[in-house]
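Trainee: Take a look at my_file04.csv, CSV, C-alpha atoms:
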```
chain,number,residue,atom,x,y,z
T,16,MET,CA,170.2,89.9,111.2
T,17,GLN,CA,168.4,93.1,111.9
T,18,ASN,CA,169.1,96.5,110.5
T,19,GLU,CA,170.1,99.3,112.8
T,20,VAL,CA,167.5,101.9,113.7
T,21,VAL,CA,168.5,105.2,112.1
T,22,ASP,CA,165.4,107.5,112.6
T,23,GLY,CA,161.7,107.7,113.5
T,24,CYS,CA,158.9,108.5,111.2
T,25,ASP,CA,157.6,112.0,111.5
T,26,ARG,CA,154.0,110.8,110.8
T,27,CYS,CA,153.6,107.6,112.9
T,28,GLY,CA,156.6,107.7,115.2
T,29,ARG,CA,157.8,104.2,114.2
T,30,LEU,CA,161.5,103.6,114.6
T,31,VAL,CA,162.9,102.5,111.3
T,32,CYS,CA,166.2,101.5,109.6
T,33,GLU,CA,167.7,103.3,106.7
T,34,ARG,CA,166.1,100.9,104.2
T,35,HIS,CA,162.6,101.8,105.5
T,36,TYR,CA,163.0,105.6,106.0
T,37,ASP,CA,162.7,108.3,103.3
T,38,LYS,CA,165.0,111.1,104.3
T,39,LYS,CA,163.4,113.5,101.8
T,40,THR,CA,159.9,113.3,103.5
T,41,GLY,CA,160.8,112.1,107.0
T,42,PHE,CA,158.3,109.3,106.7
T,43,CYS,CA,158.6,105.5,106.9
T,44,THR,CA,157.9,103.5,103.8
T,45,ASP,CA,154.7,102.2,105.3
T,46,CYS,CA,153.3,105.7,105.7
T,47,LEU,CA,154.3,106.6,102.2
T,48,LYS,CA,152.4,103.6,100.9
T,49,GLU,CA,149.3,104.6,102.9
T,50,MET,CA,149.5,108.1,101.5
T,51,GLY,CA,149.9,106.8,97.9
T,52,GLN,CA,153.5,107.9,97.5
T,53,SER,CA,156.7,106.2,96.9
T,54,PRO,CA,160.2,106.7,98.4
T,55,GLU,CA,162.3,109.3,96.7
T,56,GLU,CA,161.9,109.0,93.0
T,57,ASN,CA,165.5,110.0,92.5
T,58,ASP,CA,166.7,107.3,94.9
T,59,THR,CA,169.7,105.6,93.3
T,60,GLN,CA,169.8,102.7,95.8
T,61,HIS,CA,168.0,99.7,94.3
T,62,ARG,CA,165.4,98.6,96.8
T,63,LYS,CA,164.6,94.9,97.1
T,64,PRO,CA,161.8,93.3,99.2
T,65,ASP,CA,162.8,92.5,102.8
T,66,ASP,CA,165.3,89.6,103.2
T,67,VAL,CA,165.5,88.9,99.5
T,68,ASP,CA,168.9,88.8,97.8
T,69,THR,CA,167.9,87.5,94.4
T,70,TYR,CA,164.9,87.6,92.1
T,71,ARG,CA,163.6,84.5,90.4
T,72,PHE,CA,161.3,84.6,87.4
```
Taking this structure as input, can you express it in the form of structure tokens?
Mentor:
Amino acid sequence: MQNEVVDGCDRCGRLVCERHYDKKTGFCTDCLKEMGQSPEENDTQHRKPDDVDTYRF
């Protein structure tokens, strides 16, 4: 199942879903990583790696 495209990155132009788009900066999560930043620090949504429902330790 694929996530729906919600916006495009203002830096690279990549079309991304809500999960991979930072509304505050307008950048995709890949560009944020390249720039040494993280998605919104105040983001209340818990982010998990792609396609992972549980964590195992």
Trainee: Determine the nearest neighbour of T:Arg29 from the options T:Gln17, T:Lys48, T:Phe42, T:Pro54, counting only C-alpha atoms.
Mentor: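 For T:Arg29, the nearest of the given residues is T:Phe42.
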Trainee: Kindly extract all protein, DNA and RNA residues lying within 6 Å of the coordinates (166.0, 104.6, 109.1) given in the file, considering only C-alpha atoms, and supply them as a list in words.
Mentor: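 Within 6 Å of (166.0, 104.6, 109.1), the protein and nucleic acid residues are Val20, Val21, Asp22, Val31, Cys32, Glu33, His35 and Tyr36 of chain T.
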Trainee: Padding 5 Å on every side, please: axis-aligned box over the listed atoms of stretch 29-45 of chain T, centre and edge lengths to one decimal in Å, as JSON.
Mentor:
```
{"center_x": 161.2, "center_y": 107.2, "center_z": 108.2, "size_x": 23.0, "size_y": 22.6, "size_z": 22.8}
```
Trainee: Measure the distance from atom CA of T:Thr40 to atom CA of T:Gly23 in Å and round it to one decimal.
Mentor: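 Computed distance, atom CA of T:Thr40 to atom CA of T:Gly23, equals 11.6 Å.
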